[in-house]
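**Q** This structure is in structure tokens; I'll ask about it shortly.
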Amino acid sequence: MKVSSYIKNIGLCLLLSVIITSCGSKKKTASKKHNQTTQQIQKPRPKVDKPHLNVSDYENMTVDPKTDVSGFESPVEKYIYTYADIAMEEMRLYHVPASITLAQGILESSSGNGDLTRRSNNHFGIKCNGWQGEKVYHDDDAYQECFRKYINPKYSFRDHSLFLAKRKRYASLFELDKDDYKGWAKGLKRAGYATDPRYPNKLISLIERYNLQEYDNIVLGEGSRKGSRTKPRKSKANYSSTPYVVKKGDTLYGISRRFDISVAELKQINNLKSNSLSIGQKLYIKKQ
């Protein structure tokens, strides 16, 4: 009986030992899983490259693309309204005609709707070439070429200005009259900006069709051009002293087209400092 009792006691001890070991193993496993989960949650997010802002010229950019861009007849008109202020700021700072910047942007980005532009905010097709910021890859002259990516389209416009202003091969363009958009269009082709033989004509056609030279005039503060220019359009509007009341979807560009008056003149008559309008605002079409 004593032997039997002794064996039973040993058996109980072994059973308890197995149970305790098993519980400890489960606790360790659970603790290990908990630690792994905690580590996964606390794992720092990878750093995202910022735009290439180590050039001082990028600093203090205050003009952003307009967000209220509804009610336009075409993507081109929408593009002009959205980016005209930025193009004029670049002209003031870097002397690239606003008309040229806008025409190039329209052409290179398909009025902001091109695949590359939508993925990268790159409006001028500028390739990486030592770029330290984010990049995207796009089929162009070759398969999956590297292009610069921007967090905001305005940085693309600034990079376009720097691209032209800081390269010797474009230096001759800055010796032209600031309103000589035809000289600029032809000079860009000569300097190798584009390989398309019709590139200058495409830019000039866009400028003259949409009267982009008016934005050069706003910057220069002149009512007429000194360099190459188109003939002023004859006024067809039936002017009166009754002001036009701005409606939802109206833009300065659209109103100017409707009444056959330039945006520059419309802004001058109404003492407007920007292209922004508000519903119910009264605009006089011509001084009486």
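So you can find residues: chains in the structure tokens are A, B, ... in the order shown, residues in each start at 1, and ligands are numbered from 1 in order.
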Could you find all residues in range 124-281 of chain A that DSSP calls strand (DSSP E) from the backbone, and write them as a tab-separated table (two decimals) with C-alpha atoms, in the first residue's frame?
**A**
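This went into result_5.tsv:
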chain	number	residue	atom	x	y	z
A	135	LYS	CA	9.68	60.73	-58.65
A	136	VAL	CA	7.26	59.06	-61.02
A	137	TYR	CA	7.97	56.96	-64.10
A	138	HIS	CA	6.23	57.55	-67.40
A	145	GLU	CA	11.52	57.65	-67.92
A	146	CYS	CA	11.97	59.43	-64.58
A	147	PHE	CA	9.98	62.62	-63.98
A	148	ARG	CA	9.83	65.01	-61.04
A	244	TYR	CA	-23.31	93.14	-64.36
A	245	VAL	CA	-24.15	91.04	-61.28
**Q** Counting only C-alpha atoms, what is within 6 Å of range 71-88 of chain A, bar same-chain residues fewer than 2 positions away, as a ChimeraX atom specification?
**A** /A:63,65-66,90-91,98,111,249
**Q** I'd like the contact shell of range 162-174 of chain A - 9 Å cut-off, only C-alpha atoms, skipping same-chain residues fewer than 5 positions apart - returned as a ChimeraX atom specification.
**A** /A:57,94-96,126,157,183-184,187-188,191-193
**Q** Using the chain letters and numbers from this document, which residues of range 89-141 of chain A does DSSP assign to alpha helix (DSSP H), as a PyMOL selection string?
**A** chain A and resi 89-94+98-109+115-120
**Q** So, with only C-alpha atoms as the atoms that count, which of A:Arg118, A:Ile207, A:Ile106, A:Lys186 lies closest to Asn152 in chain A?
**A**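 Checking each candidate against Asn152 in chain A, we get A:Arg118 as the closest.
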**Q** Pick from A:Asp140, A:Ala194, A:Tyr253, A:Asn122: nearest to Asn211 in chain A, with only C-alpha atoms counted?
**A**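 So, comparing all the options, the nearest one is A:Tyr253.
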**Q** Rounded to one decimal in Å, what is the spacing between CA of Tyr150 in chain A and CA of Thr62 in chain A?
**A**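 Separation of CA of Tyr150 in chain A and CA of Thr62 in chain A: 15.8 Å.
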**Q** Could you name the residues that touch Lys267 in chain A at 12 Å or less, counting only C-alpha atoms, but leaving out those on the same chain fewer than 4 positions away, as a list in words?
**A**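 Near Lys267 in chain A, the qualifying residues are Glu214, Tyr215, Asn217, Ile218, Gly221, Gly223, Thr251, Leu252, Tyr253, Ile255, Ser256, Ile261, Ser262, Val263, Asn271, Leu272, Lys273, Ser274, Asn275, Ser276, Leu277, Leu283, Tyr284, Ile285, Lys286 and Lys287 of chain A.
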**Q** To one decimal place in Å, what is the distance between CA of Thr117 in chain A and CA of Lys149 in chain A?
**A**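 Atom-to-atom, CA of Thr117 in chain A to CA of Lys149 in chain A, that is 8.8 Å.
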**Q** Which residue gives the smallest distance to Tyr199 in chain A among A:Leu212, A:Ile100, A:Ala142, A:Val219, with only C-alpha atoms counted?
**A**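 Among the listed residues, A:Ile100 lies closest to Tyr199 in chain A.
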**Q** To one decimal place, how far is CA of His160 in chain A from CA of Phe124 in chain A in Å?
**A** 6.9 Å
**Q** When you count only C-alpha atoms, which of these residues is closest to Asp179 in chain A: A:Thr67, A:Gly133, A:Asp115, A:Leu220?
**A**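 Answer, going by the shortest atom-to-atom distance: A:Leu220.
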